[in-house]
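Undergrad: Handing you this structure, nothing more for now.
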Amino acid sequence: MALLEVNHLKKIYTTRFGGAKVEALADVEFSVEKGEYVAIMGESGSGKTTLLNILAALDRPTGGKVLLDGTDMSAVPDSRMAAYRRDNLGFVFQDFNLLDTFSLKDNIFLPMVLARKDYKEMEERLKPLARKLEIGELLEKYPYEVSGGQKQRAAVARALITRPQILLADEPTGALDSRAADGLLGMFEEINKSGQTVFMVTHSIRAASHAGRVLFIKDGIIFHQLYRGDGSNEEMYQKISDTLTVLATGREEA
């Protein structure tokens, strides 16, 4: 059974005062196996953000279901949703979402503090993460004292310290320079190789080329998908670029 199953997902928004209806997702269906690294791409307005919000349990679909490890996420009551999200999902955002009044260590510990975990357990979980993400010497610093790339590494540590079933990344390289972005993407690959399932939304061909599979969304449906296979990042980059050209020009027969 797949770790994540998205079955005939639909989302319709009604404009203010009950006017026109906007169909953000028409009929989205795919699955993600445990340990996969999947990226999703598409033009602005294609439904990427809506899809991610539903997968993150921040929004509910109009129709269809999202199953995470067999659990229908829409069936989780509101009173338990925050805890469910914290225990099962890790989040990495473009703008880091770190608290400037907390050290990097305290930012990383925050979800476990909210879950009332023991401090010793938090320390034990942090050590291997800090080593893997190369932030061990930065933990007592504050976000305003470190670079964008270092902030994002701390944000990744915060997302992973709860040992989530799936890591959801929203444009994780969007606020980084090319060098920091390459470093972060390399670490995402290492994290994935260790068994962590990753689902990333991105506009960046470079970022998507690191994934094992890329889904393309257009007009609220999955238009196409690419598998890496044994190909290199450079070969995946070219495949993605070619597919995006088809999306942009409408030459679906290509």
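We name chains A, B, ... following the order of the structure tokens; residues begin at 1 in each chain, and ligands are numbered from 1 as shown.
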Taking 5 positions as the minimum chain separation for residues in the same chain, which residues sit within 9 Å of region 245-250 of chain A when counting only C-alpha atoms? Answer as a ChimeraX atom specification.

TA: /A:42-43,216,218,223,240

Undergrad: Write out as a list of chain:residue names which residues come within 6 Å of region 4-14 of chain A when counting only C-alpha atoms, dropping same-chain ones fewer than 3 positions away.

TA: A:Gly18, A:Lys21, A:Val22, A:Glu23, A:Ala24, A:Leu25, A:Ala26, A:Asp27, A:Val28, A:Glu29, A:Phe30, A:Ser31, A:Val32, A:Pro61, A:Thr62, A:Gly63, A:Gly64, A:Lys65, A:Val66, A:Leu67, A:Leu68

Undergrad: Tell me, which residues of region 123-213 of chain A carry DSSP strand (DSSP E or B), written as number ranges by chain?

TA: A: 166-170, 197-201, 213

Undergrad: In Å, rounded to a single decimal, give me how far CA of Phe199 (chain A) is from CA of Lys132 (chain A).

TA: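 Here the two named atoms are 19.7 Å from each other.
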
Undergrad: Write out as a ChimeraX atom specification each polymer residue whose atoms come within 7 Å of Ala155 (chain A), counting only C-alpha atoms; drop sequence neighbours fewer than 5 positions from it.

TA: /A:92,96,108

Undergrad: What is the CA of Lys141 (chain A)-CA of Asn97 (chain A) distance in Å, reported with one decimal?

TA: 15.8 Å

Undergrad: Quick one: everything within 9 Å of Gly35 (chain A), counting only C-alpha atoms, minus sequence neighbours fewer than 3 positions away in the same chain. Send it as a count of residues only.

TA: 10

Undergrad: Would you return as an MDAnalysis selection string the members of region 202-237 of chain A that DSSP assigns to alpha helix (DSSP H) on this structure's backbone?

TA: chainID A and resid 205:208 233:237

Undergrad: Find the distance between CA of Ser204 (chain A) and CA of Met187 (chain A) and write it in Å to one decimal.

TA: 16.5 Å

Undergrad: Using only C-alpha atoms, which residues sit within 12 Å of Glu137 (chain A) once same-chain residues fewer than 6 positions away are excluded, as a CSV table (one decimal) with all heavy atoms, in the first residue's frame?

TA:
chain,number,residue,atom,x,y,z
A,104,LEU,N,18.5,28.9,17.1
A,104,LEU,CA,18.2,27.9,16.1
A,104,LEU,C,17.8,26.6,16.8
A,104,LEU,O,16.8,25.9,16.4
A,104,LEU,CB,19.4,27.6,15.2
A,104,LEU,CG,19.8,28.8,14.3
A,104,LEU,CD1,20.9,28.3,13.3
A,104,LEU,CD2,18.7,29.4,13.5
A,105,LYS,N,18.5,26.3,17.9
A,105,LYS,CA,18.1,25.1,18.6
A,105,LYS,C,16.7,25.1,19.2
A,105,LYS,O,15.9,24.1,19.0
A,105,LYS,CB,19.1,24.9,19.8
A,105,LYS,CG,18.8,23.7,20.7
A,105,LYS,CD,19.6,23.6,21.9
A,105,LYS,CE,21.0,23.1,21.7
A,105,LYS,NZ,21.7,22.8,22.9
A,127,LYS,N,21.1,15.7,17.7
A,127,LYS,CA,22.5,15.4,17.4
A,127,LYS,C,22.8,14.9,16.0
A,127,LYS,O,23.6,15.5,15.2
A,127,LYS,CB,23.2,14.5,18.4
A,127,LYS,CG,23.4,15.2,19.8
A,127,LYS,CD,23.9,14.2,20.8
A,127,LYS,CE,24.1,14.8,22.2
A,127,LYS,NZ,24.5,13.9,23.2
A,130,ALA,N,21.7,17.6,13.3
A,130,ALA,CA,22.7,18.7,13.2
A,130,ALA,C,23.9,18.4,12.5
A,130,ALA,O,24.5,19.1,11.7
A,130,ALA,CB,23.0,19.3,14.6
A,131,ARG,N,24.4,17.1,12.7
A,131,ARG,CA,25.6,16.7,12.1
A,131,ARG,C,25.3,16.5,10.6
A,131,ARG,O,26.1,17.0,9.7
A,131,ARG,CB,26.0,15.3,12.7
A,131,ARG,CG,27.3,14.8,12.1
A,131,ARG,CD,27.8,13.6,13.0
A,131,ARG,NE,26.9,12.6,13.1
A,131,ARG,CZ,26.2,12.3,14.2
A,131,ARG,NH1,26.4,13.0,15.3
A,131,ARG,NH2,25.4,11.2,14.3
A,146,VAL,N,22.6,34.3,11.0
A,146,VAL,CA,23.1,33.3,10.1
A,146,VAL,C,22.6,33.5,8.7
A,146,VAL,O,21.7,34.4,8.5
A,146,VAL,CB,22.7,31.8,10.6
A,146,VAL,CG1,23.2,31.5,11.9
A,146,VAL,CG2,21.2,31.7,10.5
A,150,GLN,N,21.7,28.6,5.9
A,150,GLN,CA,21.8,28.1,7.3
A,150,GLN,C,20.4,28.1,8.0
A,150,GLN,O,20.1,27.2,8.7
A,150,GLN,CB,22.8,28.8,8.1
A,150,GLN,CG,24.3,28.6,7.6
A,150,GLN,CD,25.3,29.6,8.2
A,150,GLN,OE1,24.9,30.7,8.6
A,150,GLN,NE2,26.5,29.2,8.2
A,154,ALA,N,18.3,24.8,9.3
A,154,ALA,CA,17.6,24.7,10.6
A,154,ALA,C,16.1,24.4,10.4
A,154,ALA,O,15.6,23.6,11.2
A,154,ALA,CB,17.8,26.0,11.4

Undergrad: Taking only C-alpha atoms into account, which of A:Ala208, A:Val201, A:Ile217, A:Ala159 comes nearest Glu235 (chain A)?

TA: A:Ala208
